[in-house]
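Participant: So I've got this file, protein.pdb, and it contains PDB, C-alpha atoms, pLDDT in the B column:
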ATOM      1  CA  MET X   1      59.240  -0.875 -30.328  1.00 34.00           C
ATOM      2  CA  GLY X   2      55.605  -1.494 -31.165  1.00 39.00           C
ATOM      3  CA  PHE X   3      53.078  -3.925 -32.561  1.00 36.00           C
ATOM      4  CA  THR X   4      50.529  -3.980 -35.336  1.00 39.00           C
ATOM      5  CA  LEU X   5      46.818  -4.002 -34.518  1.00 35.00           C
ATOM      6  CA  CYS X   6      44.336  -4.071 -37.395  1.00 37.00           C
ATOM      7  CA  GLY X   7      46.990  -2.659 -39.692  1.00 40.00           C
ATOM      8  CA  ILE X   8      47.896   0.186 -37.304  1.00 37.00           C
ATOM      9  CA  THR X   9      51.354   0.405 -35.725  1.00 40.00           C
ATOM     10  CA  VAL X  10      50.886   0.934 -31.999  1.00 39.00           C
ATOM     11  CA  VAL X  11      53.865   2.337 -30.096  1.00 41.00           C
ATOM     12  CA  ASN X  12      54.554   0.827 -26.681  1.00 40.00           C
ATOM     13  CA  ILE X  13      55.675   3.368 -24.078  1.00 44.00           C
ATOM     14  CA  GLU X  14      56.465   3.008 -20.406  1.00 52.00           C
ATOM     15  CA  ARG X  15      53.918   4.254 -17.891  1.00 62.00           C
ATOM     16  CA  GLY X  16      54.456   7.842 -16.870  1.00 75.00           C
ATOM     17  CA  ASN X  17      54.983  11.087 -18.761  1.00 90.00           C
ATOM     18  CA  PRO X  18      54.063  10.128 -22.336  1.00 94.00           C
ATOM     19  CA  TRP X  19      54.665  13.257 -24.379  1.00 95.00           C
ATOM     20  CA  LYS X  20      58.296  12.980 -25.446  1.00 89.00           C
ATOM     21  CA  ALA X  21      58.010   9.207 -25.885  1.00 91.00           C
ATOM     22  CA  LEU X  22      55.240   9.714 -28.441  1.00 94.00           C
ATOM     23  CA  GLY X  23      57.559  11.542 -30.843  1.00 91.00           C
ATOM     24  CA  GLU X  24      57.154  14.820 -32.670  1.00 90.00           C
ATOM     25  CA  ARG X  25      54.310  14.129 -35.084  1.00 93.00           C
ATOM     26  CA  PRO X  26      50.803  15.544 -34.565  1.00 96.00           C
ATOM     27  CA  LEU X  27      48.933  13.454 -32.011  1.00 98.00           C
ATOM     28  CA  ILE X  28      45.272  12.500 -31.897  1.00 98.00           C
ATOM     29  CA  ALA X  29      43.627  12.214 -28.479  1.00 98.00           C
ATOM     30  CA  ALA X  30      40.270  10.443 -28.526  1.00 98.00           C
ATOM     31  CA  SER X  31      37.940  11.993 -25.942  1.00 97.00           C
ATOM     32  CA  LEU X  32      35.910   9.424 -24.037  1.00 97.00           C
ATOM     33  CA  LEU X  33      33.354  12.106 -23.202  1.00 94.00           C
ATOM     34  CA  ALA X  34      31.785  11.281 -26.581  1.00 94.00           C
ATOM     35  CA  CYS X  35      31.947   7.500 -26.293  1.00 95.00           C
ATOM     36  CA  ASP X  36      29.056   5.148 -25.526  1.00 96.00           C
ATOM     37  CA  PHE X  37      29.343   4.682 -21.757  1.00 93.00           C
ATOM     38  CA  ALA X  38      27.512   1.366 -21.988  1.00 96.00           C
ATOM     39  CA  ARG X  39      30.468   0.027 -24.009  1.00 96.00           C
ATOM     40  CA  VAL X  40      33.490   2.040 -22.956  1.00 96.00           C
ATOM     41  CA  GLY X  41      35.940  -0.840 -23.322  1.00 97.00           C
ATOM     42  CA  GLN X  42      34.800  -1.594 -26.852  1.00 97.00           C
ATOM     43  CA  ASP X  43      35.054   2.068 -27.788  1.00 97.00           C
ATOM     44  CA  ILE X  44      38.574   2.253 -26.354  1.00 98.00           C
ATOM     45  CA  ASP X  45      39.501  -0.757 -28.475  1.00 97.00           C
ATOM     46  CA  ARG X  46      38.027   0.949 -31.547  1.00 97.00           C
ATOM     47  CA  VAL X  47      39.988   4.177 -31.183  1.00 98.00           C
ATOM     48  CA  ILE X  48      43.248   2.421 -30.381  1.00 97.00           C
ATOM     49  CA  ALA X  49      42.813   0.156 -33.409  1.00 97.00           C
ATOM     50  CA  GLY X  50      41.944   3.264 -35.419  1.00 97.00           C
ATOM     51  CA  GLY X  51      45.247   4.912 -34.553  1.00 97.00           C
ATOM     52  CA  ALA X  52      44.516   7.263 -31.643  1.00 98.00           C
ATOM     53  CA  ASP X  53      47.764   8.131 -29.883  1.00 97.00           C
ATOM     54  CA  VAL X  54      46.254   8.750 -26.457  1.00 97.00           C
ATOM     55  CA  VAL X  55      42.952   8.305 -24.664  1.00 98.00           C
ATOM     56  CA  HIS X  56      41.655  11.632 -23.344  1.00 98.00           C
ATOM     57  CA  VAL X  57      39.588  11.616 -20.140  1.00 97.00           C
ATOM     58  CA  ASP X  58      37.537  14.703 -19.268  1.00 96.00           C
ATOM     59  CA  VAL X  59      36.877  15.102 -15.546  1.00 97.00           C
ATOM     60  CA  MET X  60      34.195  17.578 -14.422  1.00 95.00           C
ATOM     61  CA  ASP X  61      33.178  18.273 -10.833  1.00 94.00           C
ATOM     62  CA  GLY X  62      29.905  20.166 -11.264  1.00 93.00           C
ATOM     63  CA  HIS X  63      31.509  23.292  -9.755  1.00 92.00           C
ATOM     64  CA  PHE X  64      34.311  24.539 -11.998  1.00 93.00           C
ATOM     65  CA  VAL X  65      32.017  23.548 -14.844  1.00 91.00           C
ATOM     66  CA  THR X  66      28.326  22.778 -14.465  1.00 88.00           C
ATOM     67  CA  ASN X  67      28.528  19.234 -15.800  1.00 88.00           C
ATOM     68  CA  LEU X  68      29.620  16.062 -13.995  1.00 90.00           C
ATOM     69  CA  SER X  69      31.683  13.270 -15.497  1.00 92.00           C
ATOM     70  CA  MET X  70      34.267  10.629 -14.651  1.00 91.00           C
ATOM     71  CA  GLY X  71      36.131  10.340 -11.348  1.00 93.00           C
ATOM     72  CA  PRO X  72      39.168   8.375 -10.128  1.00 95.00           C
ATOM     73  CA  PRO X  73      37.369   4.985  -9.960  1.00 95.00           C
ATOM     74  CA  VAL X  74      36.466   5.258 -13.651  1.00 95.00           C
ATOM     75  CA  VAL X  75      40.056   6.136 -14.560  1.00 96.00           C
ATOM     76  CA  ALA X  76      41.267   3.192 -12.459  1.00 96.00           C
ATOM     77  CA  SER X  77      38.946   0.880 -14.399  1.00 96.00           C
ATOM     78  CA  ILE X  78      40.167   2.265 -17.708  1.00 97.00           C
ATOM     79  CA  ARG X  79      43.755   1.845 -16.559  1.00 96.00           C
ATOM     80  CA  LYS X  80      43.126  -1.841 -15.807  1.00 95.00           C
ATOM     81  CA  TYR X  81      41.607  -2.238 -19.254  1.00 96.00           C
ATOM     82  CA  THR X  82      44.340  -0.591 -21.356  1.00 96.00           C
ATOM     83  CA  ASP X  83      48.019   0.327 -21.252  1.00 95.00           C
ATOM     84  CA  HIS X  84      47.436   3.122 -23.757  1.00 96.00           C
ATOM     85  CA  PRO X  85      48.497   6.595 -22.529  1.00 97.00           C
ATOM     86  CA  LEU X  86      45.783   8.308 -20.468  1.00 97.00           C
ATOM     87  CA  ASP X  87      45.620  12.082 -20.887  1.00 97.00           C
ATOM     88  CA  VAL X  88      43.424  13.297 -17.993  1.00 98.00           C
ATOM     89  CA  HIS X  89      41.964  16.826 -18.106  1.00 97.00           C
ATOM     90  CA  ILE X  90      40.621  17.856 -14.699  1.00 98.00           C
ATOM     91  CA  MET X  91      38.031  20.633 -14.857  1.00 96.00           C
ATOM     92  CA  VAL X  92      37.711  20.994 -11.078  1.00 97.00           C
ATOM     93  CA  THR X  93      37.806  23.774  -8.512  1.00 96.00           C
ATOM     94  CA  ASP X  94      40.460  22.064  -6.356  1.00 96.00           C
ATOM     95  CA  PRO X  95      43.052  20.448  -8.624  1.00 97.00           C
ATOM     96  CA  ALA X  96      45.536  20.040  -5.757  1.00 95.00           C
ATOM     97  CA  TYR X  97      43.109  17.647  -4.064  1.00 94.00           C
ATOM     98  CA  TYR X  98      42.529  15.545  -7.173  1.00 95.00           C
ATOM     99  CA  ILE X  99      46.028  15.269  -8.643  1.00 95.00           C
ATOM    100  CA  GLU X 100      47.147  12.555  -6.237  1.00 93.00           C
ATOM    101  CA  ARG X 101      43.912  10.629  -6.688  1.00 96.00           C
ATOM    102  CA  PHE X 102      44.093  10.551 -10.470  1.00 96.00           C
ATOM    103  CA  ALA X 103      47.791   9.738 -10.332  1.00 95.00           C
ATOM    104  CA  ASP X 104      46.984   6.757  -8.095  1.00 95.00           C
ATOM    105  CA  ALA X 105      44.191   5.786 -10.492  1.00 96.00           C
ATOM    106  CA  GLY X 106      46.654   5.481 -13.373  1.00 96.00           C
ATOM    107  CA  ALA X 107      46.788   8.775 -15.272  1.00 97.00           C
ATOM    108  CA  ASP X 108      49.910   9.272 -17.383  1.00 97.00           C
ATOM    109  CA  SER X 109      49.463  13.030 -17.762  1.00 98.00           C
ATOM    110  CA  ILE X 110      47.206  15.426 -15.879  1.00 98.00           C
ATOM    111  CA  THR X 111      46.133  18.848 -17.116  1.00 98.00           C
ATOM    112  CA  PHE X 112      44.591  21.309 -14.676  1.00 98.00           C
ATOM    113  CA  HIS X 113      43.137  24.774 -15.223  1.00 98.00           C
ATOM    114  CA  VAL X 114      45.248  27.809 -14.410  1.00 97.00           C
ATOM    115  CA  GLU X 115      42.055  29.599 -13.341  1.00 97.00           C
ATOM    116  CA  ALA X 116      41.594  27.073 -10.512  1.00 97.00           C
ATOM    117  CA  ALA X 117      45.187  27.032  -9.242  1.00 96.00           C
ATOM    118  CA  PRO X 118      46.438  29.914  -7.074  1.00 95.00           C
ATOM    119  CA  GLU X 119      49.922  28.317  -7.014  1.00 96.00           C
ATOM    120  CA  PRO X 120      50.219  26.419 -10.294  1.00 97.00           C
ATOM    121  CA  MET X 121      53.967  25.793 -10.015  1.00 98.00           C
ATOM    122  CA  LYS X 122      53.403  23.668  -6.915  1.00 97.00           C
ATOM    123  CA  LEU X 123      51.036  21.442  -8.894  1.00 98.00           C
ATOM    124  CA  ILE X 124      53.398  21.215 -11.864  1.00 98.00           C
ATOM    125  CA  ASP X 125      56.287  20.268  -9.596  1.00 97.00           C
ATOM    126  CA  ARG X 126      54.160  17.653  -7.847  1.00 97.00           C
ATOM    127  CA  LEU X 127      53.092  16.095 -11.135  1.00 97.00           C
ATOM    128  CA  HIS X 128      56.719  15.846 -12.220  1.00 96.00           C
ATOM    129  CA  ASP X 129      57.676  14.378  -8.822  1.00 95.00           C
ATOM    130  CA  LEU X 130      55.053  11.706  -9.485  1.00 95.00           C
ATOM    131  CA  GLY X 131      56.617  10.996 -12.882  1.00 95.00           C
ATOM    132  CA  LEU X 132      53.599  12.262 -14.804  1.00 97.00           C
ATOM    133  CA  GLY X 133      53.144  14.689 -17.642  1.00 97.00           C
ATOM    134  CA  ALA X 134      52.124  18.136 -16.396  1.00 98.00           C
ATOM    135  CA  GLY X 135      49.671  20.209 -18.392  1.00 98.00           C
ATOM    136  CA  VAL X 136      47.902  23.493 -17.813  1.00 98.00           C
ATOM    137  CA  SER X 137      44.737  24.661 -19.538  1.00 98.00           C
ATOM    138  CA  VAL X 138      42.941  27.951 -20.182  1.00 98.00           C
ATOM    139  CA  ARG X 139      39.264  28.601 -20.796  1.00 96.00           C
ATOM    140  CA  PRO X 140      38.234  30.735 -23.780  1.00 97.00           C
ATOM    141  CA  VAL X 141      37.803  33.844 -21.578  1.00 96.00           C
ATOM    142  CA  THR X 142      41.339  33.565 -20.191  1.00 97.00           C
ATOM    143  CA  GLY X 143      44.122  35.251 -22.130  1.00 97.00           C
ATOM    144  CA  ALA X 144      47.402  33.621 -23.073  1.00 97.00           C
ATOM    145  CA  GLU X 145      49.222  35.957 -20.685  1.00 97.00           C
ATOM    146  CA  ALA X 146      47.845  33.949 -17.752  1.00 97.00           C
ATOM    147  CA  LEU X 147      50.297  31.199 -18.737  1.00 97.00           C
ATOM    148  CA  ALA X 148      53.408  33.364 -18.864  1.00 95.00           C
ATOM    149  CA  ALA X 149      54.725  32.371 -15.432  1.00 95.00           C
ATOM    150  CA  VAL X 150      54.349  28.610 -15.960  1.00 97.00           C
ATOM    151  CA  ALA X 151      54.684  28.013 -19.699  1.00 97.00           C
ATOM    152  CA  GLU X 152      58.352  27.096 -19.467  1.00 97.00           C
ATOM    153  CA  ALA X 153      57.734  24.408 -16.825  1.00 98.00           C
ATOM    154  CA  VAL X 154      54.913  22.353 -18.340  1.00 98.00           C
ATOM    155  CA  ASP X 155      54.953  19.515 -20.839  1.00 98.00           C
ATOM    156  CA  LEU X 156      51.704  20.612 -22.430  1.00 98.00           C
ATOM    157  CA  VAL X 157      49.365  23.584 -22.699  1.00 98.00           C
ATOM    158  CA  LEU X 158      45.713  22.936 -23.502  1.00 98.00           C
ATOM    159  CA  VAL X 159      43.805  25.759 -25.161  1.00 98.00           C
ATOM    160  CA  MET X 160      40.074  25.177 -24.895  1.00 97.00           C
ATOM    161  CA  THR X 161      38.423  26.048 -28.197  1.00 97.00           C
ATOM    162  CA  VAL X 162      34.946  25.786 -26.675  1.00 95.00           C
ATOM    163  CA  GLU X 163      33.664  26.636 -23.220  1.00 91.00           C
ATOM    164  CA  PRO X 164      34.583  23.585 -21.095  1.00 87.00           C
ATOM    165  CA  GLY X 165      31.848  21.394 -19.707  1.00 78.00           C
ATOM    166  CA  TYR X 166      30.012  19.827 -22.636  1.00 71.00           C
ATOM    167  CA  GLY X 167      30.912  17.926 -25.780  1.00 70.00           C
ATOM    168  CA  GLY X 168      29.601  18.638 -29.249  1.00 74.00           C
ATOM    169  CA  GLN X 169      30.048  22.427 -29.204  1.00 81.00           C
ATOM    170  CA  ALA X 170      31.079  24.482 -32.228  1.00 91.00           C
ATOM    171  CA  PHE X 171      34.726  25.514 -32.594  1.00 95.00           C
ATOM    172  CA  MET X 172      35.463  29.112 -31.557  1.00 96.00           C
ATOM    173  CA  THR X 173      37.525  30.626 -34.364  1.00 97.00           C
ATOM    174  CA  ASP X 174      38.684  33.530 -32.208  1.00 96.00           C
ATOM    175  CA  MET X 175      40.816  31.059 -30.245  1.00 97.00           C
ATOM    176  CA  LEU X 176      43.253  30.784 -33.158  1.00 98.00           C
ATOM    177  CA  ASP X 177      45.050  33.968 -32.128  1.00 98.00           C
ATOM    178  CA  LYS X 178      45.429  32.580 -28.607  1.00 98.00           C
ATOM    179  CA  ILE X 179      46.898  29.365 -30.005  1.00 98.00           C
ATOM    180  CA  ARG X 180      49.483  31.419 -31.895  1.00 98.00           C
ATOM    181  CA  ALA X 181      50.301  33.430 -28.778  1.00 98.00           C
ATOM    182  CA  VAL X 182      50.729  30.303 -26.672  1.00 98.00           C
ATOM    183  CA  ARG X 183      52.891  28.583 -29.275  1.00 98.00           C
ATOM    184  CA  ALA X 184      55.210  31.584 -29.187  1.00 98.00           C
ATOM    185  CA  MET X 185      55.745  30.931 -25.455  1.00 97.00           C
ATOM    186  CA  LEU X 186      56.670  27.262 -25.863  1.00 98.00           C
ATOM    187  CA  ARG X 187      59.774  25.364 -26.861  1.00 96.00           C
ATOM    188  CA  SER X 188      59.600  22.924 -29.748  1.00 94.00           C
ATOM    189  CA  ASP X 189      59.583  19.974 -27.324  1.00 95.00           C
ATOM    190  CA  GLN X 190      56.491  21.228 -25.498  1.00 97.00           C
ATOM    191  CA  ARG X 191      53.058  20.192 -26.719  1.00 98.00           C
ATOM    192  CA  LEU X 192      50.165  22.517 -27.550  1.00 98.00           C
ATOM    193  CA  GLU X 193      46.809  20.756 -27.304  1.00 98.00           C
ATOM    194  CA  VAL X 194      43.413  21.964 -28.492  1.00 98.00           C
ATOM    195  CA  ASP X 195      40.023  20.674 -27.414  1.00 97.00           C
ATOM    196  CA  GLY X 196      36.551  21.631 -28.605  1.00 94.00           C
ATOM    197  CA  GLY X 197      34.879  21.314 -31.981  1.00 95.00           C
ATOM    198  CA  ILE X 198      37.913  19.563 -33.483  1.00 97.00           C
ATOM    199  CA  ASP X 199      37.392  17.878 -36.845  1.00 97.00           C
ATOM    200  CA  ALA X 200      39.532  17.616 -39.972  1.00 97.00           C
ATOM    201  CA  THR X 201      38.855  21.237 -40.954  1.00 97.00           C
ATOM    202  CA  THR X 202      39.417  22.848 -37.558  1.00 98.00           C
ATOM    203  CA  ALA X 203      42.405  20.610 -36.816  1.00 98.00           C
ATOM    204  CA  ALA X 204      44.102  22.012 -39.905  1.00 98.00           C
ATOM    205  CA  ARG X 205      43.439  25.589 -38.790  1.00 98.00           C
ATOM    206  CA  CYS X 206      44.760  24.844 -35.310  1.00 98.00           C
ATOM    207  CA  ALA X 207      47.849  23.125 -36.733  1.00 98.00           C
ATOM    208  CA  GLU X 208      48.566  26.188 -38.845  1.00 97.00           C
ATOM    209  CA  ALA X 209      48.393  28.253 -35.652  1.00 98.00           C
ATOM    210  CA  GLY X 210      50.826  25.931 -33.848  1.00 97.00           C
ATOM    211  CA  ALA X 211      48.813  23.170 -32.169  1.00 98.00           C
ATOM    212  CA  ASP X 212      50.126  19.607 -32.328  1.00 97.00           C
ATOM    213  CA  VAL X 213      47.784  17.560 -30.090  1.00 98.00           C
ATOM    214  CA  PHE X 214      44.147  17.363 -31.168  1.00 98.00           C
ATOM    215  CA  VAL X 215      41.418  16.232 -28.805  1.00 98.00           C
ATOM    216  CA  ALA X 216      38.391  14.990 -30.700  1.00 97.00           C
ATOM    217  CA  GLY X 217      35.246  13.354 -29.432  1.00 95.00           C
ATOM    218  CA  SER X 218      32.155  13.763 -31.570  1.00 94.00           C
ATOM    219  CA  SER X 219      34.072  13.773 -34.855  1.00 96.00           C
ATOM    220  CA  ILE X 220      35.633  10.408 -33.957  1.00 97.00           C
ATOM    221  CA  PHE X 221      32.907   8.529 -32.096  1.00 96.00           C
ATOM    222  CA  GLY X 222      30.181   9.977 -34.288  1.00 95.00           C
ATOM    223  CA  SER X 223      31.852   8.677 -37.425  1.00 96.00           C
ATOM    224  CA  PRO X 224      30.797   5.382 -39.018  1.00 95.00           C
ATOM    225  CA  ASP X 225      34.510   4.651 -39.526  1.00 97.00           C
ATOM    226  CA  VAL X 226      36.586   5.585 -36.477  1.00 97.00           C
ATOM    227  CA  GLY X 227      39.892   4.765 -38.173  1.00 97.00           C
ATOM    228  CA  GLU X 228      39.032   6.922 -41.150  1.00 97.00           C
ATOM    229  CA  ALA X 229      38.073   9.809 -38.871  1.00 98.00           C
ATOM    230  CA  ILE X 230      41.315   9.594 -36.906  1.00 98.00           C
ATOM    231  CA  GLY X 231      43.348   9.267 -40.085  1.00 97.00           C
ATOM    232  CA  GLY X 232      41.598  12.283 -41.569  1.00 97.00           C
ATOM    233  CA  LEU X 233      42.367  14.379 -38.502  1.00 97.00           C
ATOM    234  CA  ARG X 234      46.014  13.407 -38.545  1.00 97.00           C
ATOM    235  CA  HIS X 235      46.384  13.948 -42.285  1.00 97.00           C
ATOM    236  CA  SER X 236      44.824  17.406 -42.112  1.00 97.00           C
ATOM    237  CA  ALA X 237      47.064  18.401 -39.216  1.00 97.00           C
ATOM    238  CA  GLU X 238      50.206  17.075 -40.887  1.00 96.00           C
ATOM    239  CA  VAL X 239      49.477  18.788 -44.185  1.00 96.00           C
ATOM    240  CA  ALA X 240      48.779  22.074 -42.431  1.00 95.00           C
ATOM    241  CA  ARG X 241      51.909  21.854 -40.317  1.00 89.00           C
ATOM    242  CA  ASN X 242      54.086  21.030 -43.324  1.00 86.00           C
ATOM    243  CA  THR X 243      52.589  23.964 -45.219  1.00 85.00           C
ATOM    244  CA  VAL X 244      53.554  26.343 -42.419  1.00 75.00           C
ATOM    245  CA  SER X 245      57.032  24.806 -42.090  1.00 63.00           C
TER     246      SER X 245
END
Written as structure tokens, how would this file's structure read?
Facilitator:
Amino acid sequence: MGFTLCGITVVNIERGNPWKALGERPLIAASLLACDFARVGQDIDRVIAGGADVVHVDVMDGHFVTNLSMGPPVVASIRKYTDHPLDVHIMVTDPAYYIERFADAGADSITFHVEAAPEPMKLIDRLHDLGLGAGVSVRPVTGAEALAAVAEAVDLVLVMTVEPGYGGQAFMTDMLDKIRAVRAMLRSDQRLEVDGGIDATTAARCAEAGADVFVAGSSIFGSPDVGEAIGGLRHSAEVARNTVS
């Protein structure tokens, strides 16, 4: 079931792990890191009306990456504002400490970095116990082989296509081989997300390599027409995926 908002069909899903409920098509995740923080609610409305499938929240602790961003109170405020799926990416040195806090704040799926998790399976199991989507991410310097022990257990793998910590960076083309390697580890029902320098051109290249969730910030919020930008991303990804198929 769903409803129509500004000509866009919005799918209603129950709170909790969103990935299977969102279907098999390429998904667009609008990154709030690039929004106008003086008008976050309005920007959330814009991307939902424009067709974004999920709202992506980048969390940075100033340690794992040098930047600081949103914490649990911000996610809790966003959760009160919208029922749209919240895809929370925690770039923190102690993901075990933060998982419960972001779950309580209203995250639907939480992705942590394998580099920061000595026992990643414990975190994945805990996320599933909480009824959330479980994702694991790798920085550009980390090889796909670091995911071998956990790839089967997660709902989503996030391959960073820039160095995490700042928005607006240029896409790293040498990550395409890693995307292919990760896709080879995953089942068809598991999602492969990419984040960093994603626009219509790079989304197509990532889709060809096997990605099916596309995090975009600057290319969406920096566009004069958010709906057109989101539609262009999705179209490019769908065309590329169909070409490969």
Participant: Assuming the chain letters and numbering stay as they are in my file, what does the PyMOL selection byres ((chain X and resi 50) around 7) actually select? List them as a list in words.
Facilitator: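 Checked against the file, the PyMOL selection byres ((chain X and resi 50) around 7) matches Ile8, Arg46, Val47, Ile48, Ala49, Gly51, Ala52, Val226, Gly227 and Ile230 of chain X.
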Participant: Provide the atom CA of Ala29 of chain X to atom CA of Ile198 of chain X distance in Å, to one decimal place.
Facilitator: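 Those two atoms sit 10.6 Å apart.
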Participant: Point out the residue among X:Glu238, X:Asp53, X:Asp58, X:Glu152 with the least atom-to-atom distance to Ala184 of chain X, counting only C-alpha atoms.
Facilitator: X:Glu152
Participant: Could you tell me how far atom CA of Asp125 of chain X lies from atom CA of Ala153 of chain X, in Å and to one decimal?
Facilitator: 8.5 Å
Participant: Report as a PyMOL selection string all protein, DNA and RNA residues lying within 10 Å of Ser69 of chain X, evaluated on all atoms listed in the file, omitting residues in the same chain fewer than 6 positions from it.
Facilitator: chain X and resi 33+57-62+91+165-166
Participant: If we count only C-alpha atoms and set the cut-off at 12 Å, which residues sit around Val141 of chain X, ignoring sequence neighbours fewer than 5 positions away in its own chain? Please answer as a ChimeraX atom specification.
Facilitator: /X:114-115,146,159-164,172,174-175,178
Participant: Under the rule that all atoms listed in the file are counted, which of X:Asp129, X:Glu119, X:Asp94, X:Asp212 is the nearest residue to Asn242 of chain X?
Facilitator: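 The shortest atom-to-atom distance to Asn242 of chain X comes from X:Asp212.
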Participant: What do you get, as a list of chain:residue names, if you spell out every residue that the PyMOL selection byres ((chain X and resi 74-80) around 10) selects here?
Facilitator: X:Val40, X:Gly41, X:Ile44, X:Val55, X:Val57, X:Val59, X:Ser69, X:Met70, X:Gly71, X:Pro72, X:Pro73, X:Tyr81, X:Thr82, X:Asp83, X:His84, X:Pro85, X:Leu86, X:Val88, X:Arg101, X:Phe102, X:Ala103, X:Asp104, X:Ala105, X:Gly106, X:Ala107, X:Asp108
Participant: Just give me the gap between atom CA of Ala149 of chain X and atom CA of Met121 of chain X in Å, one decimal is fine.
Facilitator: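 A separation of 8.6 Å between them.
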Participant: At a cut-off of 12 Å from (60.9, 21.7, -24.1) in the coordinates of the file, what residues are picked up using only C-alpha atoms, written as a list in words?
Facilitator: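 Neighbouring residues, ordered by chain and number, come to Trp19, Lys20, Glu24, Ala151, Glu152, Ala153, Val154, Asp155, Leu156, Val157, Arg183, Met185, Leu186, Arg187, Ser188, Asp189, Gln190, Arg191 and Leu192 of chain X.
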Participant: Measuring between all atoms listed in the file, which one of X:Ala34, X:Asp45, X:Val244, X:Glu228 shows the shortest distance to Gln169 of chain X?
Facilitator: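 Checking each candidate against Gln169 of chain X, we get X:Ala34 as the closest.
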Participant: Counting all atoms listed in the file, which of X:Val65, X:Ile99, X:Ala116, X:Ala38 gets nearest to Leu132 of chain X?
Facilitator: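 Answer, going by the shortest atom-to-atom distance: X:Ile99.
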Participant: Using all atoms listed in the file, which protein or nucleic acid residues come within 6 Å of Thr111 of chain X? Drop anything in the same chain fewer than 5 positions from it, and give the result as a list in words.
Facilitator: His89, Gly135 and Val136 of chain X
Participant: Every residue with an atom at most 7 Å from (42.3, 27.7, -21.2) (file coordinates; only C-alpha atoms) is what I'm after, so could you write them as an mmCIF file with C-alpha atoms, keeping the file's coordinate frame?
Facilitator:
data_model
loop_
_atom_site.group_PDB
_atom_site.id
_atom_site.type_symbol
_atom_site.label_atom_id
_atom_site.label_comp_id
_atom_site.auth_asym_id
_atom_site.auth_seq_id
_atom_site.Cartn_x
_atom_site.Cartn_y
_atom_site.Cartn_z
ATOM 1 C CA HIS X 113 43.137 24.774 -15.223
ATOM 2 C CA SER X 137 44.737 24.661 -19.538
ATOM 3 C CA VAL X 138 42.941 27.951 -20.182
ATOM 4 C CA ARG X 139 39.264 28.601 -20.796
ATOM 5 C CA PRO X 140 38.234 30.735 -23.780
ATOM 6 C CA THR X 142 41.339 33.565 -20.191
ATOM 7 C CA LEU X 158 45.713 22.936 -23.502
ATOM 8 C CA VAL X 159 43.805 25.759 -25.161
ATOM 9 C CA MET X 160 40.074 25.177 -24.895
#
